[in-house]
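Structure file input.pdb (PDB, C-alpha atoms, pLDDT in the B column) is printed below.
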ATOM      1  CA  MET W   1      -9.029 -45.209  91.718  1.00 49.00           C
ATOM      2  CA  ASN W   2      -7.629 -42.315  93.624  1.00 51.00           C
ATOM      3  CA  SER W   3      -7.300 -39.046  91.697  1.00 52.00           C
ATOM      4  CA  ILE W   4      -3.812 -38.417  93.087  1.00 53.00           C
ATOM      5  CA  SER W   5      -2.442 -41.615  91.676  1.00 53.00           C
ATOM      6  CA  ASN W   6      -3.695 -40.620  88.206  1.00 52.00           C
ATOM      7  CA  GLN W   7      -1.713 -37.390  88.205  1.00 57.00           C
ATOM      8  CA  ARG W   8       1.932 -37.498  87.270  1.00 63.00           C
ATOM      9  CA  LEU W   9       4.034 -36.245  90.163  1.00 62.00           C
ATOM     10  CA  ARG W  10       7.216 -34.655  88.839  1.00 72.00           C
ATOM     11  CA  GLY W  11      10.257 -33.023  90.308  1.00 79.00           C
ATOM     12  CA  PHE W  12      13.170 -31.297  88.677  1.00 81.00           C
ATOM     13  CA  THR W  13      15.395 -33.384  86.486  1.00 88.00           C
ATOM     14  CA  LEU W  14      19.147 -33.390  86.918  1.00 89.00           C
ATOM     15  CA  VAL W  15      19.580 -31.555  83.599  1.00 90.00           C
ATOM     16  CA  GLU W  16      17.227 -28.750  84.708  1.00 89.00           C
ATOM     17  CA  LEU W  17      19.105 -28.314  87.982  1.00 90.00           C
ATOM     18  CA  ILE W  18      22.481 -28.188  86.231  1.00 93.00           C
ATOM     19  CA  ILE W  19      21.259 -25.591  83.702  1.00 93.00           C
ATOM     20  CA  THR W  20      19.863 -23.465  86.550  1.00 93.00           C
ATOM     21  CA  LEU W  21      23.169 -23.627  88.434  1.00 93.00           C
ATOM     22  CA  VAL W  22      25.119 -22.697  85.296  1.00 92.00           C
ATOM     23  CA  ILE W  23      22.873 -19.666  84.685  1.00 92.00           C
ATOM     24  CA  LEU W  24      23.222 -18.557  88.331  1.00 90.00           C
ATOM     25  CA  GLY W  25      27.004 -18.963  88.085  1.00 88.00           C
ATOM     26  CA  ILE W  26      27.196 -16.815  84.959  1.00 87.00           C
ATOM     27  CA  LEU W  27      25.017 -14.120  86.531  1.00 84.00           C
ATOM     28  CA  SER W  28      27.094 -14.068  89.714  1.00 80.00           C
ATOM     29  CA  VAL W  29      30.339 -13.671  87.764  1.00 79.00           C
ATOM     30  CA  THR W  30      28.994 -10.817  85.636  1.00 77.00           C
ATOM     31  CA  ALA W  31      26.639  -9.020  88.049  1.00 72.00           C
ATOM     32  CA  VAL W  32      28.500  -9.088  91.386  1.00 68.00           C
ATOM     33  CA  PRO W  33      31.528  -7.035  90.198  1.00 62.00           C
ATOM     34  CA  LYS W  34      29.155  -4.310  89.000  1.00 62.00           C
ATOM     35  CA  PHE W  35      27.760  -3.947  92.512  1.00 63.00           C
ATOM     36  CA  LEU W  36      30.949  -4.413  94.515  1.00 59.00           C
ATOM     37  CA  GLY W  37      33.394  -3.338  91.830  1.00 58.00           C
ATOM     38  CA  SER W  38      37.122  -3.717  91.772  1.00 68.00           C
ATOM     39  CA  SER W  39      37.537  -0.053  92.761  1.00 73.00           C
ATOM     40  CA  THR W  40      36.154  -0.914  96.213  1.00 78.00           C
ATOM     41  CA  GLU W  41      38.740  -3.633  96.660  1.00 80.00           C
ATOM     42  CA  GLN W  42      41.481  -1.325  95.383  1.00 84.00           C
ATOM     43  CA  ALA W  43      40.416   1.443  97.766  1.00 87.00           C
ATOM     44  CA  TYR W  44      40.654  -0.881 100.775  1.00 89.00           C
ATOM     45  CA  SER W  45      44.002  -2.211  99.584  1.00 88.00           C
ATOM     46  CA  TYR W  46      45.441   1.297  99.158  1.00 90.00           C
ATOM     47  CA  ARG W  47      43.950   2.350 102.504  1.00 93.00           C
ATOM     48  CA  ASP W  48      45.748  -0.514 104.256  1.00 94.00           C
ATOM     49  CA  ARG W  49      49.033   0.390 102.563  1.00 93.00           C
ATOM     50  CA  VAL W  50      48.698   4.080 103.567  1.00 94.00           C
ATOM     51  CA  LEU W  51      47.842   2.977 107.097  1.00 95.00           C
ATOM     52  CA  ASN W  52      51.058   0.932 107.237  1.00 94.00           C
ATOM     53  CA  ALA W  53      53.155   3.758 105.777  1.00 93.00           C
ATOM     54  CA  LEU W  54      51.831   6.268 108.337  1.00 94.00           C
ATOM     55  CA  ARG W  55      52.324   3.894 111.264  1.00 94.00           C
ATOM     56  CA  ASN W  56      55.849   3.099 110.075  1.00 92.00           C
ATOM     57  CA  VAL W  57      56.853   6.780 109.989  1.00 91.00           C
ATOM     58  CA  GLN W  58      55.135   7.420 113.317  1.00 92.00           C
ATOM     59  CA  LEU W  59      57.024   4.560 115.005  1.00 93.00           C
ATOM     60  CA  ARG W  60      60.298   5.815 113.569  1.00 89.00           C
ATOM     61  CA  ALA W  61      59.585   9.265 115.007  1.00 89.00           C
ATOM     62  CA  MET W  62      58.875   7.791 118.426  1.00 90.00           C
ATOM     63  CA  GLN W  63      62.022   5.627 118.408  1.00 91.00           C
ATOM     64  CA  ASN W  64      64.463   8.196 116.985  1.00 83.00           C
ATOM     65  CA  THR W  65      63.869  11.398 118.903  1.00 69.00           C
ATOM     66  CA  ALA W  66      66.868  13.375 117.606  1.00 71.00           C
ATOM     67  CA  ILE W  67      65.906  16.912 116.597  1.00 66.00           C
ATOM     68  CA  SER W  68      67.570  16.587 113.211  1.00 66.00           C
ATOM     69  CA  SER W  69      65.578  13.452 112.355  1.00 72.00           C
ATOM     70  CA  CYS W  70      63.052  13.602 109.548  1.00 80.00           C
ATOM     71  CA  HIS W  71      59.759  11.773 110.006  1.00 84.00           C
ATOM     72  CA  LYS W  72      57.639  12.999 107.140  1.00 88.00           C
ATOM     73  CA  LEU W  73      55.395  11.680 104.392  1.00 92.00           C
ATOM     74  CA  TYR W  74      54.336  13.552 101.279  1.00 92.00           C
ATOM     75  CA  ILE W  75      50.781  13.033 100.064  1.00 93.00           C
ATOM     76  CA  SER W  76      49.669  13.758  96.500  1.00 92.00           C
ATOM     77  CA  PRO W  77      46.596  12.487  94.624  1.00 92.00           C
ATOM     78  CA  THR W  78      48.525   9.453  93.344  1.00 91.00           C
ATOM     79  CA  LEU W  79      51.470   9.034  95.753  1.00 92.00           C
ATOM     80  CA  VAL W  80      52.283   8.689  99.446  1.00 92.00           C
ATOM     81  CA  ALA W  81      56.055   8.635  99.920  1.00 91.00           C
ATOM     82  CA  GLY W  82      58.898   9.789 102.108  1.00 88.00           C
ATOM     83  CA  PRO W  83      61.430  12.505 101.269  1.00 88.00           C
ATOM     84  CA  GLU W  84      64.538  12.205  99.119  1.00 84.00           C
ATOM     85  CA  PRO W  85      67.130   9.834 100.642  1.00 76.00           C
ATOM     86  CA  GLU W  86      69.516  11.384 103.166  1.00 75.00           C
ATOM     87  CA  THR W  87      67.601  14.687 103.174  1.00 77.00           C
ATOM     88  CA  CYS W  88      64.354  15.988 104.536  1.00 79.00           C
ATOM     89  CA  ALA W  89      63.614  18.190 101.563  1.00 76.00           C
ATOM     90  CA  GLY W  90      63.164  17.983  97.842  1.00 76.00           C
ATOM     91  CA  GLY W  91      59.725  16.446  97.719  1.00 84.00           C
ATOM     92  CA  PRO W  92      58.622  12.823  97.642  1.00 88.00           C
ATOM     93  CA  SER W  93      60.903  10.051  96.515  1.00 86.00           C
ATOM     94  CA  THR W  94      59.936   6.629  95.248  1.00 86.00           C
ATOM     95  CA  ASN W  95      63.581   5.519  95.628  1.00 84.00           C
ATOM     96  CA  ASN W  96      63.909   5.965  99.391  1.00 80.00           C
ATOM     97  CA  SER W  97      64.218   2.418 100.741  1.00 82.00           C
ATOM     98  CA  GLU W  98      63.648   3.578 104.339  1.00 81.00           C
ATOM     99  CA  TYR W  99      60.017   4.546 103.683  1.00 85.00           C
ATOM    100  CA  LEU W 100      57.034   2.587 102.452  1.00 86.00           C
ATOM    101  CA  VAL W 101      55.836   4.006  99.135  1.00 89.00           C
ATOM    102  CA  VAL W 102      52.200   3.834  98.074  1.00 90.00           C
ATOM    103  CA  GLU W 103      51.791   4.714  94.420  1.00 88.00           C
ATOM    104  CA  ILE W 104      48.538   4.434  92.480  1.00 85.00           C
ATOM    105  CA  ASN W 105      48.733   3.040  88.975  1.00 78.00           C
ATOM    106  CA  THR W 106      46.561   5.673  87.264  1.00 72.00           C
ATOM    107  CA  GLY W 107      45.991   3.501  84.207  1.00 72.00           C
ATOM    108  CA  ARG W 108      44.332   0.772  86.242  1.00 68.00           C
ATOM    109  CA  SER W 109      42.593   2.616  89.082  1.00 73.00           C
ATOM    110  CA  ASP W 110      40.336   5.592  89.657  1.00 79.00           C
ATOM    111  CA  VAL W 111      41.294   5.795  93.369  1.00 85.00           C
ATOM    112  CA  ARG W 112      42.951   9.057  94.509  1.00 90.00           C
ATOM    113  CA  PHE W 113      44.403  10.320  97.815  1.00 93.00           C
ATOM    114  CA  ASN W 114      42.939  13.440  99.426  1.00 93.00           C
ATOM    115  CA  ALA W 115      44.318  14.616 102.805  1.00 94.00           C
ATOM    116  CA  LEU W 116      42.242  16.996 104.967  1.00 93.00           C
ATOM    117  CA  ASP W 117      42.876  18.391 108.445  1.00 92.00           C
ATOM    118  CA  SER W 118      40.241  18.994 111.157  1.00 90.00           C
ATOM    119  CA  ASN W 119      39.070  22.185 109.447  1.00 91.00           C
ATOM    120  CA  GLY W 120      38.712  20.509 106.057  1.00 91.00           C
ATOM    121  CA  ILE W 121      41.823  22.220 104.693  1.00 92.00           C
ATOM    122  CA  PRO W 122      43.927  20.053 102.346  1.00 94.00           C
ATOM    123  CA  PHE W 123      47.540  19.281 103.215  1.00 93.00           C
ATOM    124  CA  SER W 124      50.312  17.626 101.209  1.00 92.00           C
ATOM    125  CA  GLN W 125      52.775  16.489 103.875  1.00 91.00           C
ATOM    126  CA  ILE W 126      52.589  15.194 107.397  1.00 92.00           C
ATOM    127  CA  ASN W 127      55.315  15.093 110.065  1.00 89.00           C
ATOM    128  CA  PHE W 128      55.316  13.238 113.372  1.00 90.00           C
ATOM    129  CA  ASP W 129      56.858  14.450 116.642  1.00 88.00           C
ATOM    130  CA  PRO W 130      58.636  12.202 119.217  1.00 89.00           C
ATOM    131  CA  LEU W 131      55.268  11.507 120.899  1.00 89.00           C
ATOM    132  CA  GLY W 132      53.786  10.226 117.630  1.00 90.00           C
ATOM    133  CA  ARG W 133      51.494  13.209 117.084  1.00 91.00           C
ATOM    134  CA  ALA W 134      50.983  14.736 113.656  1.00 90.00           C
ATOM    135  CA  ASP W 135      52.054  18.327 113.016  1.00 86.00           C
ATOM    136  CA  GLN W 136      48.803  19.087 111.177  1.00 84.00           C
ATOM    137  CA  ASN W 137      45.672  20.502 112.796  1.00 85.00           C
ATOM    138  CA  CYS W 138      44.269  17.129 113.844  1.00 85.00           C
ATOM    139  CA  ALA W 139      42.402  18.363 116.946  1.00 83.00           C
ATOM    140  CA  VAL W 140      39.410  16.221 116.031  1.00 85.00           C
ATOM    141  CA  PHE W 141      41.132  14.113 113.374  1.00 89.00           C
ATOM    142  CA  CYS W 142      42.924  14.408 110.075  1.00 92.00           C
ATOM    143  CA  LYS W 143      41.588  12.269 107.275  1.00 94.00           C
ATOM    144  CA  ILE W 144      43.211  10.815 104.186  1.00 93.00           C
ATOM    145  CA  ASP W 145      40.469   9.750 101.793  1.00 93.00           C
ATOM    146  CA  VAL W 146      41.343   6.784  99.612  1.00 91.00           C
ATOM    147  CA  GLY W 147      38.416   6.372  97.252  1.00 85.00           C
ATOM    148  CA  LEU W 148      35.635   4.686  99.224  1.00 86.00           C
ATOM    149  CA  ALA W 149      37.871   4.116 102.267  1.00 91.00           C
ATOM    150  CA  ALA W 150      39.830   6.449 104.543  1.00 93.00           C
ATOM    151  CA  VAL W 151      42.586   6.680 107.150  1.00 95.00           C
ATOM    152  CA  CYS W 152      42.141   8.943 110.173  1.00 94.00           C
ATOM    153  CA  ILE W 153      44.747  10.386 112.533  1.00 94.00           C
ATOM    154  CA  SER W 154      43.563  11.650 115.914  1.00 92.00           C
ATOM    155  CA  GLY W 155      45.063  14.598 117.773  1.00 90.00           C
ATOM    156  CA  GLU W 156      46.836  12.166 120.127  1.00 92.00           C
ATOM    157  CA  GLY W 157      48.417  10.307 117.187  1.00 91.00           C
ATOM    158  CA  LEU W 158      46.105   7.304 116.868  1.00 93.00           C
ATOM    159  CA  ILE W 159      46.134   6.119 113.232  1.00 94.00           C
ATOM    160  CA  TYR W 160      43.151   4.016 112.236  1.00 94.00           C
ATOM    161  CA  ALA W 161      40.893   3.029 109.345  1.00 94.00           C
ATOM    162  CA  CYS W 162      37.756   5.154 109.390  1.00 90.00           C
ATOM    163  CA  PRO W 163      34.580   5.400 107.314  1.00 81.00           C
TER     164      PRO W 163
END

Please lay out the structure from this file as structure tokens.
Amino acid sequence: MNSISNQRLRGFTLVELIITLVILGILSVTAVPKFLGSSTEQAYSYRDRVLNALRNVQLRAMQNTAISSCHKLYISPTLVAGPEPETCAGGPSTNNSEYLVVEINTGRSDVRFNALDSNGIPFSQINFDPLGRADQNCAVFCKIDVGLAAVCISGEGLIYACP
């Protein structure tokens, strides 16, 4: 008799495969968020919202070129918002329906906003002129850090997601 026919050739049973898949599923659900984390997803979400808010104000500045027009956003560690309604002063307002408001829920996120000009100097508000350029020193670019993501504004007014 052949020695191969005497040996028992075995594969994996269906039960073993199912148990292995269940263990891999549990590990992927518990381990993957530790590596990617929800703060990464939140940072990209907030970055996209800030990007939209900046582009919205910039487009308004380019469409309404009256000198008395206000095209400004205030930036704090937890808020990006326009000015008080009907005025261009008084600080940020979360009740101004003409501006997109990006507010971080501090109880659920560790993401913060940090705005820096080309020289690395922090700023807390940004205005746009009728050509769509920022009034800050953005010769190279201004950067608004949003956790692990960022928004950049070039000297010519290009607003884009940057590393």

_Resolved residues for the PyMOL selection byres ((chain W and resi 46) around 12) as a PyMOL selection string_ = chain W and resi 39-45+47-53+78-80+101-105+109-113+144-151+161

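Evaluating the PyMOL selection byres ((chain W and resi 71) around 6) against the shown model yields Val57, Ala61, Cys70, Lys72, Asn127 and Phe128 of chain W.
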
*Considering all atoms listed in the file, return as a PyMOL selection string whatever protein or nucleic-acid residues lie within 7 Å of Tyr99 of chain W, sequence-local ones (same chain, fewer than 3 positions apart) excluded.*
chain W and resi 81-82+96

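Atom CA of Asn114 of chain W lies 24.8 Å from atom CA of Leu131 of chain W.
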
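If you look at atom CA of Leu17 of chain W and atom CA of Ala31 of chain W, they are 20.7 Å away from each other.
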
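The gap separating atom CA of Ala89 of chain W from atom CA of Met62 of chain W is 20.4 Å, in Å to one decimal.
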
*Name the residues within 12 Å of (50.9, 13.7, 120.4), counting all atoms listed in the file in the file's coordinates, and put them as a PyMOL selection string.*
chain W and resi 58+61-62+127-139+153-159

Leu116 of chain W surroundings by only C-alpha atoms, 9 Å radius, close-in-sequence under 6 positions cut, as a CSV table (one decimal) with C-alpha atoms, in the coordinates of the input:
chain,number,residue,atom,x,y,z
W,122,PRO,CA,43.9,20.1,102.3
W,123,PHE,CA,47.5,19.3,103.2
W,124,SER,CA,50.3,17.6,101.2
W,141,PHE,CA,41.1,14.1,113.4
W,142,CYS,CA,42.9,14.4,110.1
W,143,LYS,CA,41.6,12.3,107.3
W,144,ILE,CA,43.2,10.8,104.2
W,145,ASP,CA,40.5,9.8,101.8
